[in-house]
There are 2 protein chains.
Amino acid sequence: MRRSKTQSYRGLTLRVMGGSRPTLGPGKVELIARIEQTGSISAAARAMGMSYRRAWQLVESLNHAFTRPVVTTAVGGVRGGGATVTPFGRRLVVRYRAMERAASAAIAAQLRRFESLLRPRTGRDKRR
Amino acid sequence: MRRSKTQSYRGLTLRVMGGSRPTLGPGKVELIARIEQTGSISAAARAMGMSYRRAWQLVESLNHAFTRPVVTTAVGGVRGGGATVTPFGRRLVVRYRAMERAASAAIAAQLRRFESLLRPRTGRDKRR
């Protein structure tokens, strides 16, 4: 599994809002990336510890939220037929990650000061 | 209710990570702000449509995550005695909002281009 493709950018995560609706955040971006890796909504859901039903709902909300489809499913049944991230969907992920990097870079100094207010993690925390 | 104090910054929300743990995001920031407004964890939870138990868990995780307490509860019982946001907690909220504004300003042009890919909202969506 390519962890670097699905990890949150260090220090912050970004959620893009459409009006007051959250439209694209780290969860949906990870889901799209994992569908691209696996060609399957159910495999992507499993990898994220998410129910198939939930993953499917997120895919539907993505396809509904944007002007063009983000994920398409093959003819022959959703579970069996496989799923494909469209070129538009891939561009969304690239743009999202670019925004996350730019936002993080813009507040890097503030983030470091903020992080100095966090208590160091203990073994107990790590297991949470 | 002072909506402007608790609304997400337009275009994005920010979640500050401590290592790979989400430490402070829009939900906890709203909870702190509402505890400050109401002097009560249960009133804050109610205003957010959140269970008292969940709000209390979030307060505990905040107090555990940072080097100093964020919310203190009065002697005489948590439900009855009221809750107070510490000066440290108030500074956290101010810093978080400053970071959100700075991050949003840094990617304003990218966000506008991204938002142009969103489908306009319909009446049906608005009720969601």
# chains A, B, ... in the order shown; residues from 1 in each chain; ligands from 1
>>> interface_residues(of="chain B", to="chain A", cutoff="10 Å", atoms="only C-alpha atoms", output="VMD selection string")
chain B and resid 7 to 25 62 to 68 88 92 95 to 96 98 to 111 113 to 121 125 to 126 128
>>> select_by_dssp(residues="region 16-127 of chain B", states="strand (DSSP E)", output="list in words")
Val16, Met17, Gly18, Arg21, Pro22, Thr23, Leu24, Val71, Thr72, Thr73, Ala83, Thr84 and Val85 of chain B
>>> atom_distance(atom1="CA of Ser42 (chain A)", atom2="CA of Pro87 (chain A)")
20.6 Å
>>> select_by_dssp(residues="region 19-95 of chain A", states="helix (DSSP H, G or I)", output="ChimeraX atom specification")
/A:26-38,41-47,52-65,78-81,87-95
>>> write_last_selection(atoms="C-alpha atoms", output="tab-separated table (two decimals), in the first residue's frame")
chain	number	residue	atom	x	y	z
A	26	PRO	CA	-9.29	14.00	3.64
A	27	GLY	CA	-11.76	11.10	3.89
A	28	LYS	CA	-13.20	11.46	0.40
A	29	VAL	CA	-9.77	12.17	-1.06
A	30	GLU	CA	-8.42	8.99	0.50
A	31	LEU	CA	-11.43	7.07	-0.80
A	32	ILE	CA	-10.86	8.33	-4.36
A	33	ALA	CA	-7.14	7.47	-4.14
A	34	ARG	CA	-7.91	3.97	-2.88
A	35	ILE	CA	-10.54	3.36	-5.55
A	36	GLU	CA	-7.91	4.36	-8.09
A	37	GLN	CA	-5.42	1.92	-6.53
A	38	THR	CA	-7.81	-0.99	-6.20
A	41	ILE	CA	-15.29	0.60	-4.08
A	42	SER	CA	-15.56	-2.37	-1.73
A	43	ALA	CA	-11.78	-2.91	-1.59
A	44	ALA	CA	-11.27	0.80	-0.96
A	45	ALA	CA	-13.90	0.75	1.80
A	46	ARG	CA	-12.29	-2.30	3.41
A	47	ALA	CA	-8.86	-0.66	3.39
A	52	TYR	CA	-19.40	-0.58	1.69
A	53	ARG	CA	-22.65	1.32	2.09
A	54	ARG	CA	-20.88	4.37	3.48
A	55	ALA	CA	-18.25	4.34	0.74
A	56	TRP	CA	-20.98	4.10	-1.87
A	57	GLN	CA	-22.82	7.04	-0.32
A	58	LEU	CA	-19.64	9.11	-0.40
A	59	VAL	CA	-19.06	8.23	-4.07
A	60	GLU	CA	-22.64	9.22	-4.87
A	61	SER	CA	-22.28	12.52	-3.02
A	62	LEU	CA	-19.04	13.25	-4.89
A	63	ASN	CA	-20.62	12.52	-8.25
A	64	HIS	CA	-23.55	14.70	-7.29
A	65	ALA	CA	-21.48	17.58	-5.90
A	78	VAL	CA	-21.60	-2.11	-8.80
A	79	ARG	CA	-20.04	-4.70	-6.51
A	80	GLY	CA	-18.82	-6.98	-9.23
A	81	GLY	CA	-18.05	-4.66	-12.07
A	87	PRO	CA	-9.56	11.92	-15.25
A	88	PHE	CA	-11.67	14.70	-13.71
A	89	GLY	CA	-11.61	12.86	-10.37
A	90	ARG	CA	-7.85	12.49	-10.53
A	91	ARG	CA	-7.49	16.21	-11.22
A	92	LEU	CA	-9.66	16.98	-8.18
A	93	VAL	CA	-7.30	14.99	-5.97
A	94	VAL	CA	-4.24	16.70	-7.44
A	95	ARG	CA	-5.80	20.14	-6.90
>>> atom_distance(atom1="CA of Val85 (chain A)", atom2="CA of Thr72 (chain A)")
6.4 Å
>>> atom_distance(atom1="CA of Gly49 (chain A)", atom2="CA of Val70 (chain A)")
21.4 Å
